[in-house]
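Text of the file run37.cif, holding mmCIF, C-alpha atoms:
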```
data_data
loop_
_atom_site.label_atom_id
_atom_site.label_comp_id
_atom_site.auth_asym_id
_atom_site.auth_seq_id
_atom_site.Cartn_x
_atom_site.Cartn_y
_atom_site.Cartn_z
CA MET S 1 119.62 -82.15 -8.21
CA LYS S 2 116.38 -81.15 -6.47
CA ILE S 3 117.39 -77.48 -6.62
CA ILE S 4 117.91 -77.67 -10.38
CA LEU S 5 114.53 -79.37 -10.83
CA VAL S 6 112.76 -76.74 -8.70
CA ALA S 7 114.52 -73.92 -10.58
CA ALA S 8 113.47 -75.43 -13.91
CA LEU S 9 109.84 -75.72 -12.74
CA ILE S 10 109.84 -72.09 -11.56
CA ASN S 11 111.24 -70.95 -14.92
CA CYS S 12 108.54 -72.91 -16.77
CA PHE S 13 105.85 -71.33 -14.58
CA VAL S 14 107.19 -67.83 -15.27
CA LEU S 15 107.29 -68.48 -19.03
CA PHE S 16 103.73 -69.81 -19.11
CA GLN S 17 102.53 -66.95 -16.93
CA GLU S 18 104.09 -64.37 -19.30
CA GLU S 19 102.27 -65.84 -22.32
CA GLU S 20 98.92 -65.49 -20.57
CA PHE S 21 99.79 -61.93 -19.55
CA LEU S 22 100.21 -60.82 -23.17
CA SER S 23 96.60 -61.43 -24.16
CA LYS S 24 93.39 -62.91 -22.84
CA VAL S 25 92.08 -63.25 -26.40
CA ALA S 26 94.97 -64.96 -28.19
CA ASN S 27 98.24 -66.77 -27.75
CA ILE S 28 100.95 -64.40 -28.97
CA GLU S 29 104.53 -65.24 -29.80
CA LEU S 30 106.79 -62.20 -29.74
CA PRO S 31 109.38 -61.64 -32.47
CA PRO S 32 112.98 -62.60 -31.65
CA LYS S 33 114.98 -59.84 -29.91
CA SER S 34 111.83 -58.21 -28.48
CA LEU S 35 112.70 -55.89 -25.61
CA ARG S 36 109.88 -54.69 -23.37
CA MET S 37 109.72 -50.89 -23.29
CA ASP S 38 108.77 -48.80 -20.27
CA LYS S 39 106.19 -46.24 -21.45
CA ALA S 40 107.42 -43.64 -18.97
CA ASN S 41 110.92 -43.70 -20.49
CA LEU S 42 109.82 -44.19 -24.10
CA PRO S 43 110.14 -40.54 -25.26
CA ALA S 44 113.62 -40.18 -23.77
CA LYS S 45 114.82 -43.49 -25.28
CA THR S 46 113.39 -42.88 -28.76
CA LYS S 47 113.50 -39.09 -29.26
CA SER S 48 116.64 -39.29 -31.40
CA ARG S 49 114.98 -41.86 -33.65
CA PHE S 50 111.27 -40.93 -33.85
CA LYS S 51 109.50 -37.57 -34.01
CA SER S 52 106.70 -38.76 -31.74
CA THR S 53 105.77 -41.99 -30.01
CA PHE S 54 102.50 -40.78 -28.51
CA ALA S 55 100.21 -42.93 -30.67
CA ILE S 56 102.12 -46.18 -30.21
CA SER S 57 102.51 -45.59 -26.47
CA GLN S 58 98.73 -45.92 -26.01
CA TYR S 59 98.88 -49.72 -26.29
CA GLU S 60 99.19 -52.02 -23.30
CA HIS S 61 102.22 -53.98 -24.53
CA LEU S 62 105.14 -52.13 -26.10
CA TYR S 63 108.37 -53.63 -27.43
CA GLU S 64 111.47 -52.55 -29.31
CA VAL S 65 112.57 -54.98 -32.00
CA ASP S 66 115.71 -54.09 -34.00
CA ASN S 67 115.13 -50.30 -33.76
CA MET S 68 111.42 -50.66 -34.58
CA LEU S 69 108.55 -50.30 -32.12
CA LEU S 70 105.81 -52.93 -31.85
CA ALA S 71 102.76 -52.47 -29.63
CA PHE S 72 99.49 -54.35 -29.19
CA ALA S 73 96.53 -54.87 -26.90
CA ASP S 74 93.29 -56.78 -26.64
CA TYR S 75 90.14 -54.90 -27.53
CA SER S 76 86.49 -55.51 -26.70
CA GLU S 77 83.31 -54.31 -28.34
CA ALA S 78 79.65 -54.95 -27.80
CA LYS S 79 78.54 -58.15 -29.50
CA ASP S 80 75.81 -56.21 -31.29
CA ASN S 81 78.34 -53.79 -32.83
CA PHE S 82 78.39 -55.00 -36.41
CA ARG S 83 80.99 -52.53 -37.66
CA GLY S 84 83.32 -54.66 -39.74
CA LEU S 85 86.83 -54.17 -41.03
CA GLU S 86 85.52 -52.75 -44.31
CA ASP S 87 83.61 -50.08 -42.37
CA ARG S 88 86.70 -49.24 -40.32
CA LYS S 89 88.81 -49.01 -43.46
CA ASN S 90 86.34 -46.68 -45.18
CA GLU S 91 86.02 -44.50 -42.06
CA TRP S 92 89.80 -44.23 -41.77
CA LEU S 93 90.27 -43.41 -45.45
CA GLY S 94 87.48 -40.81 -45.26
CA GLY S 95 89.00 -39.27 -42.14
CA MET S 96 92.46 -39.10 -43.70
CA SER S 97 91.02 -37.52 -46.85
CA GLY S 98 89.04 -35.01 -44.77
CA LEU S 99 92.21 -33.99 -42.95
CA GLY S 100 94.10 -33.60 -46.21
CA LEU S 101 96.42 -36.49 -45.34
CA LYS S 102 95.42 -38.88 -48.12
CA VAL S 103 98.88 -38.45 -49.71
CA ASN S 104 100.43 -39.86 -46.52
CA ILE S 105 98.56 -43.18 -46.78
CA ASP S 106 101.01 -45.98 -47.47
CA ARG S 107 98.69 -48.95 -47.03
CA ALA S 108 95.01 -49.64 -46.43
CA GLU S 109 94.07 -53.26 -46.95
CA ILE S 110 92.38 -56.23 -45.40
CA ILE S 111 94.44 -59.40 -45.36
CA LYS S 112 93.73 -62.92 -44.16
CA VAL S 113 96.22 -64.71 -41.91
CA ASN S 114 95.48 -68.14 -40.41
CA ASN S 115 91.75 -67.76 -41.11
CA THR S 116 91.62 -64.38 -39.35
CA ARG S 117 91.16 -61.14 -41.22
CA PHE S 118 93.24 -58.08 -40.28
CA LEU S 119 92.87 -54.50 -41.39
CA ILE S 120 96.31 -52.97 -42.02
CA MET S 121 96.51 -49.16 -42.13
CA GLY S 122 99.85 -47.52 -42.87
CA LEU S 123 100.97 -43.89 -42.91
CA LYS S 124 104.20 -42.27 -44.01
CA ASN S 125 105.36 -39.07 -42.35
CA GLY S 126 108.67 -37.96 -43.79
CA ASP S 127 111.12 -40.77 -43.16
CA GLU S 128 108.89 -42.51 -40.61
CA TYR S 129 106.14 -45.08 -41.01
CA TYR S 130 103.31 -45.89 -38.66
CA CYS S 131 101.37 -49.06 -39.38
CA ALA S 132 98.28 -50.05 -37.37
CA PHE S 133 96.48 -53.39 -37.46
CA ILE S 134 93.23 -54.68 -36.04
CA SER S 135 91.82 -58.17 -36.20
CA ASP S 136 88.28 -59.22 -36.94
CA LYS S 137 86.39 -59.77 -33.71
CA LYS S 138 86.19 -63.26 -32.29
CA GLY S 139 82.91 -62.95 -30.42
CA SER S 140 83.32 -59.45 -29.03
CA LYS S 141 87.12 -59.39 -28.69
CA GLY S 142 90.18 -59.05 -30.86
CA ILE S 143 93.75 -57.81 -31.08
CA SER S 144 94.91 -54.42 -32.31
CA GLY S 145 98.36 -52.94 -32.49
CA SER S 146 100.90 -50.80 -34.27
CA LEU S 147 104.37 -50.83 -35.70
CA GLN S 148 106.53 -47.70 -35.96
CA TYR S 149 109.75 -47.64 -37.97
CA LYS S 150 112.06 -45.60 -40.19
CA ALA S 151 111.99 -45.73 -43.99
CA GLU S 152 115.24 -47.70 -44.13
CA ASP S 153 113.57 -50.45 -42.05
CA LYS S 154 110.43 -50.73 -44.22
CA GLU S 155 111.20 -54.14 -45.74
CA ARG S 156 112.20 -55.66 -42.38
CA ALA S 157 109.14 -54.11 -40.73
CA GLU S 158 106.76 -55.63 -43.27
CA ILE S 159 108.34 -59.05 -42.73
CA MET S 160 108.15 -58.63 -38.96
CA LEU S 161 104.47 -57.62 -39.11
CA SER S 162 103.63 -60.56 -41.36
CA ASP S 163 105.46 -62.98 -39.06
CA PHE S 164 103.89 -61.46 -35.95
CA LEU S 165 100.35 -61.81 -37.35
CA LYS S 166 101.07 -65.43 -38.35
CA ARG S 167 102.05 -66.16 -34.74
CA ILE S 168 98.76 -64.97 -33.27
CA SER S 169 96.40 -67.84 -32.53
CA PHE S 170 93.04 -66.89 -31.12
CA LYS S 171 91.73 -68.79 -28.14
CA ALA S 172 88.36 -70.50 -28.17
CA PRO S 173 85.63 -68.11 -26.98
CA SER S 174 85.10 -70.10 -23.77
CA LEU S 175 88.79 -69.72 -22.88
CA SER S 176 88.69 -65.95 -23.41
CA ARG S 177 85.44 -65.70 -21.41
CA ASP S 178 83.68 -64.43 -24.52
CA ASN S 179 80.43 -66.42 -24.33
#
```

Kindly present the structure from the file in C-alpha coordinates form.
Amino acid sequence: MKIILVAALINCFVLFQEEEFLSKVANIELPPKSLRMDKANLPAKTKSRFKSTFAISQYEHLYEVDNMLLAFADYSEAKDNFRGLEDRKNEWLGGMSGLGLKVNIDRAEIIKVNNTRFLIMGLKNGDEYYCAFISDKKGSKGISGSLQYKAEDKERAEIMLSDFLKRISFKAPSLSRDN
(Lines of atoms letter the chains of each structure in order from A and count residues from 1; the text may use other names and numbers.)
(Lines give C-alpha, C1' and ligand atoms only; values in the text may rest on other atoms or scores of the structure.)
Protein backbone atom coordinates (compact mmCIF):
# COMPACT_ATOMS: atom_id res chain seq x y z
CA MET A 1 0.00 0.00 0.00
CA LYS A 2 2.83 2.42 0.85
CA ILE A 3 4.50 1.69 -2.49
CA ILE A 4 1.32 2.59 -4.39
CA LEU A 5 0.97 5.82 -2.40
CA VAL A 6 4.61 6.80 -3.04
CA ALA A 7 4.24 5.98 -6.76
CA ALA A 8 1.10 8.12 -6.96
CA LEU A 9 2.87 11.04 -5.25
CA ILE A 10 5.83 10.77 -7.64
CA ASN A 11 3.47 10.75 -10.63
CA CYS A 12 1.69 13.86 -9.31
CA PHE A 13 5.04 15.62 -8.83
CA VAL A 14 6.09 14.78 -12.40
CA LEU A 15 2.79 16.05 -13.81
CA PHE A 16 2.98 19.33 -11.90
CA GLN A 17 6.62 19.76 -12.85
CA GLU A 18 5.79 19.30 -16.56
CA GLU A 19 3.13 22.04 -16.45
CA GLU A 20 5.64 24.52 -15.03
CA PHE A 21 8.19 23.50 -17.66
CA LEU A 22 5.89 24.49 -20.52
CA SER A 23 5.79 28.18 -19.66
CA LYS A 24 6.88 30.60 -16.98
CA VAL A 25 4.30 33.12 -18.20
CA ALA A 26 1.14 31.03 -18.40
CA ASN A 27 -0.47 27.75 -17.49
CA ILE A 28 -0.84 25.79 -20.71
CA GLU A 29 -2.97 22.74 -21.31
CA LEU A 30 -1.84 20.75 -24.34
CA PRO A 31 -4.38 19.37 -26.83
CA PRO A 32 -5.30 15.69 -26.49
CA LYS A 33 -2.96 13.31 -28.36
CA SER A 34 -0.04 15.78 -28.22
CA LEU A 35 3.25 14.01 -28.87
CA ARG A 36 6.46 15.86 -28.03
CA MET A 37 8.72 16.14 -31.08
CA ASP A 38 12.50 16.00 -31.03
CA LYS A 39 13.76 18.95 -33.12
CA ALA A 40 16.80 17.01 -34.30
CA ASN A 41 14.61 14.31 -35.87
CA LEU A 42 11.84 16.64 -37.05
CA PRO A 43 12.90 16.95 -40.73
CA ALA A 44 13.28 13.18 -41.11
CA LYS A 45 9.91 12.47 -39.44
CA THR A 46 7.95 15.11 -41.37
CA LYS A 47 9.67 15.37 -44.78
CA SER A 48 7.01 13.23 -46.47
CA ARG A 49 4.28 15.49 -45.10
CA PHE A 50 5.70 19.05 -45.07
CA LYS A 51 7.97 20.90 -47.49
CA SER A 52 9.85 22.61 -44.67
CA THR A 53 9.63 22.69 -40.90
CA PHE A 54 12.40 25.22 -40.34
CA ALA A 55 10.16 28.05 -39.12
CA ILE A 56 8.14 25.96 -36.66
CA SER A 57 11.27 24.25 -35.33
CA GLN A 58 12.51 27.57 -33.91
CA TYR A 59 10.10 27.37 -30.95
CA GLU A 60 11.04 25.87 -27.60
CA HIS A 61 8.12 23.43 -27.35
CA LEU A 62 7.12 21.38 -30.38
CA TYR A 63 4.33 18.80 -30.61
CA GLU A 64 2.62 16.67 -33.21
CA VAL A 65 -1.16 16.53 -32.85
CA ASP A 66 -3.10 14.40 -35.37
CA ASN A 67 -0.60 15.01 -38.23
CA MET A 68 -0.40 18.75 -37.45
CA LEU A 69 2.52 20.52 -35.80
CA LEU A 70 2.02 22.85 -32.83
CA ALA A 71 4.86 24.88 -31.34
CA PHE A 72 5.07 27.67 -28.77
CA ALA A 73 7.39 29.54 -26.44
CA ASP A 74 7.43 32.38 -23.94
CA TYR A 75 8.68 35.71 -25.20
CA SER A 76 10.01 38.77 -23.38
CA GLU A 77 10.31 42.37 -24.44
CA ALA A 78 11.40 45.54 -22.74
CA LYS A 79 8.59 47.06 -20.70
CA ASP A 80 9.06 50.34 -22.56
CA ASN A 81 8.52 48.67 -25.96
CA PHE A 82 5.05 49.89 -26.80
CA ARG A 83 4.74 48.04 -30.11
CA GLY A 84 1.26 46.55 -29.98
CA LEU A 85 -0.45 43.80 -31.89
CA GLU A 86 -1.83 46.29 -34.42
CA ASP A 87 1.72 47.47 -35.16
CA ARG A 88 2.91 43.88 -35.56
CA LYS A 89 0.01 43.09 -37.87
CA ASN A 90 0.68 46.12 -40.07
CA GLU A 91 4.43 45.36 -40.19
CA TRP A 92 3.75 41.76 -41.19
CA LEU A 93 1.21 42.71 -43.85
CA GLY A 94 3.61 45.35 -45.23
CA GLY A 95 6.47 42.85 -45.27
CA MET A 96 4.39 40.23 -47.05
CA SER A 97 3.24 42.80 -49.61
CA GLY A 98 6.83 43.98 -50.14
CA LEU A 99 7.92 40.41 -50.82
CA GLY A 100 5.07 39.87 -53.27
CA LEU A 101 3.47 37.27 -51.00
CA LYS A 102 0.25 39.12 -50.21
CA VAL A 103 -1.72 36.51 -52.21
CA ASN A 104 -0.48 33.84 -49.79
CA ILE A 105 -2.02 35.52 -46.73
CA ASP A 106 -4.83 33.38 -45.37
CA ARG A 107 -5.51 35.23 -42.13
CA ALA A 108 -4.39 38.40 -40.37
CA GLU A 109 -6.58 39.30 -37.43
CA ILE A 110 -6.57 40.17 -33.77
CA ILE A 111 -8.91 38.10 -31.64
CA LYS A 112 -9.76 38.16 -27.95
CA VAL A 113 -9.73 34.94 -25.93
CA ASN A 114 -10.29 34.92 -22.15
CA ASN A 115 -9.57 38.66 -21.92
CA THR A 116 -6.26 38.28 -23.77
CA ARG A 117 -5.75 39.54 -27.29
CA PHE A 118 -3.88 37.40 -29.83
CA LEU A 119 -2.62 38.31 -33.27
CA ILE A 120 -3.22 35.42 -35.69
CA MET A 121 -1.21 35.45 -38.93
CA GLY A 122 -1.80 32.69 -41.48
CA LEU A 123 -0.10 31.82 -44.76
CA LYS A 124 -0.95 29.30 -47.44
CA ASN A 125 1.81 27.76 -49.51
CA GLY A 126 0.39 25.26 -51.97
CA ASP A 127 -1.40 22.63 -49.92
CA GLU A 128 0.23 23.68 -46.64
CA TYR A 129 -0.75 26.27 -44.06
CA TYR A 130 1.41 27.99 -41.50
CA CYS A 131 -0.39 29.92 -38.79
CA ALA A 132 1.49 32.00 -36.20
CA PHE A 133 0.04 33.56 -33.05
CA ILE A 134 1.33 36.00 -30.47
CA SER A 135 -0.37 37.21 -27.33
CA ASP A 136 -0.54 40.72 -25.99
CA LYS A 137 2.20 41.26 -23.42
CA LYS A 138 1.38 40.77 -19.77
CA GLY A 139 3.93 43.13 -18.28
CA SER A 140 6.87 42.39 -20.56
CA LYS A 141 6.10 38.74 -21.35
CA GLY A 142 3.74 36.72 -23.48
CA ILE A 143 3.27 33.54 -25.49
CA SER A 144 3.90 33.07 -29.19
CA GLY A 145 3.62 30.00 -31.34
CA SER A 146 2.73 28.39 -34.62
CA LEU A 147 0.63 25.70 -36.17
CA GLN A 148 1.57 23.92 -39.41
CA TYR A 149 -0.85 21.68 -41.28
CA LYS A 150 -2.07 20.45 -44.65
CA ALA A 151 -5.08 21.91 -46.47
CA GLU A 152 -7.22 18.86 -45.70
CA ASP A 153 -6.69 19.52 -41.96
CA LYS A 154 -7.63 23.22 -42.08
CA GLU A 155 -10.96 22.92 -40.24
CA ARG A 156 -9.50 20.68 -37.51
CA ALA A 157 -6.48 22.98 -37.20
CA GLU A 158 -8.63 26.06 -36.67
CA ILE A 159 -10.59 24.25 -33.95
CA MET A 160 -7.37 23.05 -32.33
CA LEU A 161 -5.88 26.57 -32.34
CA SER A 162 -9.05 28.04 -30.86
CA ASP A 163 -9.15 25.39 -28.14
CA PHE A 164 -5.43 25.77 -27.42
CA LEU A 165 -5.71 29.55 -26.99
CA LYS A 166 -8.73 29.09 -24.69
CA ARG A 167 -6.63 26.82 -22.48
CA ILE A 168 -3.88 29.38 -21.91
CA SER A 169 -4.26 31.17 -18.60
CA PHE A 170 -1.68 33.81 -17.84
CA LYS A 171 -0.07 33.84 -14.43
CA ALA A 172 -0.11 36.90 -12.23
CA PRO A 173 2.92 39.11 -12.92
CA SER A 174 4.45 38.33 -9.52
CA LEU A 175 4.32 34.59 -10.27
CA SER A 176 6.05 35.04 -13.62
CA ARG A 177 8.66 37.34 -12.02
CA ASP A 178 7.47 40.17 -14.23
CA ASN A 179 7.40 43.03 -11.70

Exercise. Atom CA of Gly95 of chain S and atom CA of Ile168 of chain S, how far apart in Å?
Worked result: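 Atom CA of Gly95 of chain S lies 28.9 Å from atom CA of Ile168 of chain S.
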
Problem set entry | Residues matched by the PyMOL selection byres ((chain S and resi 124) around 9) as a list of chain:residue names | S:Val103, S:Asn104, S:Ile105, S:Asp106, S:Gly122, S:Leu123, S:Asn125, S:Gly126, S:Asp127, S:Glu128, S:Tyr129, S:Tyr130, S:Cys131, S:Ala151

For this session: Would you translate the PyMOL selection byres ((chain S and resi 53-62) around 10) into the concrete set of residues it matches in this file, as number ranges by chain?
Result: S: 21-23, 34-40, 42-43, 46-47, 49-52, 63-65, 69-74, 130-132, 144-148

Exercise. Could you pull the residues within 8 Å of Glu109 of chain S, counting all atoms listed in the file, minus those fewer than 4 positions along the same chain, as JSON, numbers by chain?
Worked result: {"S": [89, 119, 120, 121]}

Can you write out the residues you just picked, keeping C-alpha atoms, as a tab-separated table (two decimals), in the frame of the given file?
```tsv
chain	number	residue	atom	x	y	z
S	89	LYS	CA	88.81	-49.01	-43.46
S	119	LEU	CA	92.87	-54.50	-41.39
S	120	ILE	CA	96.31	-52.97	-42.02
S	121	MET	CA	96.51	-49.16	-42.13
```

Seminar exercise, completed: Correct to one decimal, the distance atom CA of Asn90 of chain S-atom CA of Phe118 of chain S is 14.2 Å
